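*Asks:* Can you keep this structure in mind? I'll have questions shortly.
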Amino acid sequence: MLVISLALLGLACGGNDGLVVRGEVSVDVDGTPTGFVFERPTALLEADLAEPTDSRLRGSCRIARDEAGGDVVAMSIERAPGAREGVEIERFFVRAGSSTQVEARLGADRFAAGSRCDVALDYVIRRDAIAGVTFDCDLAGPAGATARATGELAFEGCTVD
């Protein structure tokens, strides 16, 4: 409900022409937290158009239809390329709708949804190119490493197929 309110508030304040995110992603890797927090609407560079030297966050959001005509939303957030120390999330991806997927890249390690993963497509408004998801997933990584990803994201400026 919070995600819906935040997205509609953003639209009421005039919308914008680019990709914007609000919400948070929290990933706990074997007791070490990392993630993204967007308390205010935050502009993201389009991931496939960003220059490698640009240090701003990148993202993508695509609203599509599955074979049955239902909405499917794919969202990602990633940091600019560069060396970092410690455990820090490099990229987060979530797909919601008839099929779900959650992945997090922490440094060079890829974590993917394990046996327990709840992903909800909270809303899609195709004509306004906005969507919101919530998620709570156990993730499995290399060499038996585990993580938990929780959060909610609201995107404006999604590509609509």
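Here's how to read the names in the structure tokens: chain A, B, ... by the order shown, residue numbers from 1 in each chain, ligand numbers from 1 in the order shown.
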Sorted by chain and rising residue number, list the residues of region 107-152 of chain A at most 9 Å from region 63-72 of chain A (counting only C-alpha atoms), each with its closest atom pair and distance in Å to one decimal, as a tab-separated table.

*Replies:*
residue	atom	partner	partner_atom	distance
A:Leu121	CA	A:Val72	CA	8.1
A:Val124	CA	A:Asp71	CA	7.5
A:Arg126	CA	A:Ile63	CA	7.4
A:Ala129	CA	A:Ile63	CA	7.6
A:Ile130	CA	A:Ile63	CA	8.4
A:Ala131	CA	A:Ile63	CA	7.8

*Asks:* Now that the selection is made, can you save its residues with C-alpha atoms as a PDB file, in the first residue's frame?

*Replies:*
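Output below, filename selection.pdb:
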ATOM      1  CA  LEU A 121       3.331  -7.178  -8.389  1.00  0.00           C
ATOM      2  CA  VAL A 124       0.898  -1.576 -12.892  1.00  0.00           C
ATOM      3  CA  ARG A 126       0.536   0.992 -18.215  1.00  0.00           C
ATOM      4  CA  ALA A 129       4.407   3.747 -17.246  1.00  0.00           C
ATOM      5  CA  ILE A 130       4.532   3.057 -13.497  1.00  0.00           C
ATOM      6  CA  ALA A 131       4.785  -0.156 -11.505  1.00  0.00           C
TER       7      ALA A 131
END

*Asks:* Tell me, as a PyMOL selection string, which residues lie within 7 Å of Asp122 (chain A), counting only C-alpha atoms; anything in the same chain fewer than 5 positions away does not count.

*Replies:* chain A and resi 132-134

*Asks:* Using only C-alpha atoms, determine which residues lie at most 8 Å from Val29 (chain A), disregarding the query and same-chain residues fewer than 4 positions distant; provide the list as a ChimeraX atom specification.

*Replies:* /A:33-34,145-148

*Asks:* Between CA of Gly35 (chain A) and CA of Arg22 (chain A), what is the distance, to one decimal in Å?

*Replies:* 13.2 Å

*Asks:* For a test of reading the model, state the distance in Å between CA of Gly18 (chain A) and CA of Ala149 (chain A), rounded to one decimal.

*Replies:*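 Rounded to one decimal, the two atoms are 26.3 Å apart.
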
*Asks:* So, counting only C-alpha atoms, which residue among A:Asp138, A:Arg62, A:Glu152, A:Val27 is closest to Arg91 (chain A)?

*Replies:* A:Val27

*Asks:* Just checking: using only C-alpha atoms, which residue out of A:Asp54, A:Ala143, A:Leu44, A:Leu153 ends up closest to Tyr123 (chain A)?

*Replies:*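 Looking only at the distances to Tyr123 (chain A), the closest residue turns out to be A:Leu153.
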
*Asks:* Among chain A, which ones does DSSP assign to strand (DSSP E or B) (computed from the backbone)? Answer as a PyMOL selection string.

*Replies:* chain A and resi 19-29+32-46+58-65+71-78+89-96+101-106+109-125+130-140+146-156+159-160

*Asks:* Just asking: which residues within region 80-156 of chain A are helix (DSSP H, G or I) according to DSSP, as a list in words?

*Replies:*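 Taking region 80-156 of chain A and keeping helix (DSSP H, G or I) only, one gets Arg126, Arg127, Asp128, Pro142, Ala143 and Gly144 of chain A.
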
*Asks:* Excluding same-chain residues fewer than 4 positions from Leu106 (chain A), what lies within 8 Å of it counting only C-alpha atoms, as a PyMOL selection string?

*Replies:* chain A and resi 87-91+110-111

*Asks:* Between CA of Glu46 (chain A) and CA of Arg95 (chain A), measure the distance and give it in Å to one decimal.

*Replies:*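 A separation of 17.3 Å between them.
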
*Asks:* Just the residues within 7 Å of Ala112 (chain A), please, counting only C-alpha atoms, with nothing from its chain fewer than 6 positions along; format it as a PDB file with N, CA and C atoms, in the first residue's frame.

*Replies:*
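Ended up saving to result-v4.pdb:
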ATOM      1  N   VAL A 102      14.381 -13.204  -8.733  1.00  0.00           N
ATOM      2  CA  VAL A 102      15.121 -12.220  -7.948  1.00  0.00           C
ATOM      3  C   VAL A 102      16.583 -12.618  -7.990  1.00  0.00           C
ATOM      4  N   GLU A 103      17.442 -11.651  -8.286  1.00  0.00           N
ATOM      5  CA  GLU A 103      18.886 -11.876  -8.307  1.00  0.00           C
ATOM      6  C   GLU A 103      19.593 -10.659  -7.719  1.00  0.00           C
ATOM      7  N   ALA A 104      20.700 -10.925  -7.044  1.00  0.00           N
ATOM      8  CA  ALA A 104      21.561  -9.849  -6.541  1.00  0.00           C
ATOM      9  C   ALA A 104      23.003 -10.220  -6.859  1.00  0.00           C
ATOM     10  N   LEU A 139      18.055 -16.083  -0.794  1.00  0.00           N
ATOM     11  CA  LEU A 139      18.908 -16.200  -1.976  1.00  0.00           C
ATOM     12  C   LEU A 139      20.047 -17.174  -1.693  1.00  0.00           C
ATOM     13  N   ALA A 140      20.445 -17.886  -2.730  1.00  0.00           N
ATOM     14  CA  ALA A 140      21.575 -18.817  -2.627  1.00  0.00           C
ATOM     15  C   ALA A 140      22.705 -18.304  -3.501  1.00  0.00           C
ATOM     16  N   GLY A 141      23.924 -18.378  -2.958  1.00  0.00           N
ATOM     17  CA  GLY A 141      25.094 -17.900  -3.682  1.00  0.00           C
ATOM     18  C   GLY A 141      26.137 -18.992  -3.805  1.00  0.00           C
TER      19      GLY A 141
END
